[in-house]
Amino acid sequence: MQGDLGSYQYVQRVYNDNMRIAKYQLPKTAADGNVTFFDDGLINLTMQIAGGRVTKITIVTTDPRSSAYMQVFEGFEFGFNAVSTWIQNYHETTTTHGPSQGIVKGILADYNNTPANVLTVSLTRVSGQAEE
């Protein structure tokens with residue numbers, strides 16, 4: 001389906017295949033709605049799921065330079081085979097403490113880092129279809 005990132009099963013599988021930290025792995029199933037998977041003070045990960053399909057992923061971190069954040073983001077980046085210019089957007093937002101956006105393989109990564117160094121990144125599909 002165009003407009004989503006794929007079925008939850010697909011997103012969960014490709015993310016977990018690239019996530020080495022057990023506490024940040026996704027469960028096998030998830031309900032529809034705005035679902036929070038973890039919120040431990042360092043990382044908050046939520047997904048909007050409709051009809052079993054992930055329409056948005058949002059990661060909020062209080063430490064954008066932490067290894068844990070990097071691995072959580074890379075779980076999706078490598079999982080979606082979208083390694084490219086997002087590192088430039090990350091560098092821009094963490095340097096300027098402002099917004100930055102980048103599109104790779106039809107997936108928009110929308111970054112915003114506040115002056116208090118809280119980084120929010122949302123992933124949504126803007127073109128094409130999920131690879132599943």
# chains A, B, ... in the order shown; residues from 1 in each chain; ligands from 1

call {"tool": "residues_around", "arguments": {"residues": "region 95-110 of chain A", "least_positions_apart": "3", "cutoff": "12 Å", "atoms": "only C-alpha atoms", "output": "NGL selection string"}}
result
:A and (2-6 or 55-60 or 64-65 or 73 or 76-78 or 80-92 or 113-131)

call {"tool": "residues_around", "arguments": {"residues": "region 16-20 of chain A", "least_positions_apart": "6", "cutoff": "7 Å", "atoms": "only C-alpha atoms", "output": "list in words"}}
result
Leu26, Gln71, Val72, Gly75, Phe78 and Gly79 of chain A

call {"tool": "write_last_selection", "arguments": {"atoms": "C-alpha atoms", "output": "mmCIF file, in the first residue's frame"}}
result
data_model
loop_
_atom_site.group_PDB
_atom_site.id
_atom_site.type_symbol
_atom_site.label_atom_id
_atom_site.label_comp_id
_atom_site.auth_asym_id
_atom_site.auth_seq_id
_atom_site.Cartn_x
_atom_site.Cartn_y
_atom_site.Cartn_z
ATOM 1 C CA LEU A 26 10.161 -4.708 18.861
ATOM 2 C CA GLN A 71 21.436 1.921 16.958
ATOM 3 C CA VAL A 72 17.663 2.474 17.196
ATOM 4 C CA GLY A 75 17.705 -0.359 12.900
ATOM 5 C CA PHE A 78 19.465 -0.351 7.544
ATOM 6 C CA GLY A 79 16.210 -2.286 7.818
#

call {"tool": "select_by_dssp", "arguments": {"residues": "chain A", "states": "strand (DSSP E)", "output": "ChimeraX atom specification"}}
result
/A:6-7,33-39,43-50,53-61,99-104,107-113,119-125

call {"tool": "closest_residue", "arguments": {"among": "A:Thr61, A:Thr36, A:Ser67, A:Ser7", "to": "Tyr111 (chain A)", "atoms": "only C-alpha atoms"}}
result
A:Thr61

call {"tool": "select_by_dssp", "arguments": {"residues": "chain A", "states": "helix (DSSP H, G or I)", "output": "ChimeraX atom specification"}}
result
/A:8-16,22-24,67-79,86-96

call {"tool": "closest_residue", "arguments": {"among": "A:Gln48, A:Val35, A:Ala30, A:Tyr24", "to": "Tyr69 (chain A)", "atoms": "only C-alpha atoms"}}
result
A:Tyr24

call {"tool": "residues_around", "arguments": {"residues": "Tyr8 (chain A)", "least_positions_apart": "4", "cutoff": "10 Å", "atoms": "only C-alpha atoms", "output": "short mmCIF file (atom, residue, chain, number, x, y, z; two decimals) with N, CA, C and O atoms, in the first residue's frame"}}
result
data_model
loop_
_atom_site.label_atom_id
_atom_site.label_comp_id
_atom_site.auth_asym_id
_atom_site.auth_seq_id
_atom_site.Cartn_x
_atom_site.Cartn_y
_atom_site.Cartn_z
N GLN A 12 8.80 -4.71 11.88
CA GLN A 12 9.36 -5.36 13.06
C GLN A 12 10.52 -6.27 12.66
O GLN A 12 11.57 -6.26 13.29
N ARG A 13 10.34 -7.05 11.62
CA ARG A 13 11.38 -8.00 11.19
C ARG A 13 12.64 -7.30 10.72
O ARG A 13 13.74 -7.61 11.18
N LEU A 26 11.62 -4.85 18.94
CA LEU A 26 10.16 -4.71 18.86
C LEU A 26 9.48 -6.05 19.09
O LEU A 26 10.01 -7.09 18.68
N PRO A 27 8.30 -6.05 19.71
CA PRO A 27 7.56 -7.30 19.90
C PRO A 27 7.02 -7.83 18.57
O PRO A 27 6.92 -7.09 17.59
N LYS A 28 6.68 -9.10 18.55
CA LYS A 28 6.19 -9.74 17.32
C LYS A 28 4.90 -9.14 16.79
O LYS A 28 4.68 -9.11 15.59
N THR A 29 4.04 -8.66 17.68
CA THR A 29 2.76 -8.13 17.24
C THR A 29 2.51 -6.77 17.90
O THR A 29 3.11 -6.45 18.94
N ALA A 30 1.65 -6.00 17.28
CA ALA A 30 1.25 -4.69 17.83
C ALA A 30 -0.16 -4.37 17.37
O ALA A 30 -0.56 -4.71 16.25
N ALA A 31 -0.89 -3.71 18.24
CA ALA A 31 -2.26 -3.30 17.93
C ALA A 31 -2.26 -2.06 17.05
O ALA A 31 -1.25 -1.34 16.97
N ASP A 32 -3.37 -1.80 16.41
CA ASP A 32 -3.54 -0.54 15.68
C ASP A 32 -3.62 0.62 16.67
O ASP A 32 -3.99 0.43 17.83
N MET A 47 4.83 4.31 17.12
CA MET A 47 4.41 4.07 15.74
C MET A 47 2.92 4.31 15.63
O MET A 47 2.17 3.96 16.55
N GLN A 48 2.53 4.88 14.51
CA GLN A 48 1.11 4.96 14.16
C GLN A 48 0.84 3.78 13.24
O GLN A 48 1.51 3.63 12.21
N ILE A 49 -0.11 2.94 13.66
CA ILE A 49 -0.42 1.72 12.93
C ILE A 49 -1.91 1.72 12.61
O ILE A 49 -2.74 1.96 13.48
N ALA A 50 -2.24 1.48 11.34
CA ALA A 50 -3.64 1.44 10.89
C ALA A 50 -3.81 0.22 9.99
O ALA A 50 -3.07 0.06 9.02
N GLY A 51 -4.76 -0.62 10.33
CA GLY A 51 -4.99 -1.82 9.52
C GLY A 51 -3.77 -2.72 9.46
O GLY A 51 -3.53 -3.36 8.43
N GLY A 52 -2.98 -2.73 10.54
CA GLY A 52 -1.78 -3.56 10.58
C GLY A 52 -0.60 -2.99 9.81
O GLY A 52 0.43 -3.64 9.69
N ARG A 53 -0.74 -1.75 9.30
CA ARG A 53 0.32 -1.11 8.50
C ARG A 53 0.86 0.10 9.24
O ARG A 53 0.11 0.88 9.81
N VAL A 54 2.17 0.24 9.23
CA VAL A 54 2.84 1.33 9.93
C VAL A 54 2.83 2.57 9.03
O VAL A 54 3.37 2.56 7.93
N THR A 55 2.20 3.64 9.51
CA THR A 55 2.12 4.87 8.72
C THR A 55 3.14 5.91 9.18
O THR A 55 3.49 6.80 8.40
#

call {"tool": "atom_distance", "arguments": {"atom1": "CA of Val14 (chain A)", "atom2": "CA of Asp39 (chain A)"}}
result
20.9 Å

call {"tool": "atom_distance", "arguments": {"atom1": "CA of Val11 (chain A)", "atom2": "CA of Ser66 (chain A)"}}
result
22.9 Å
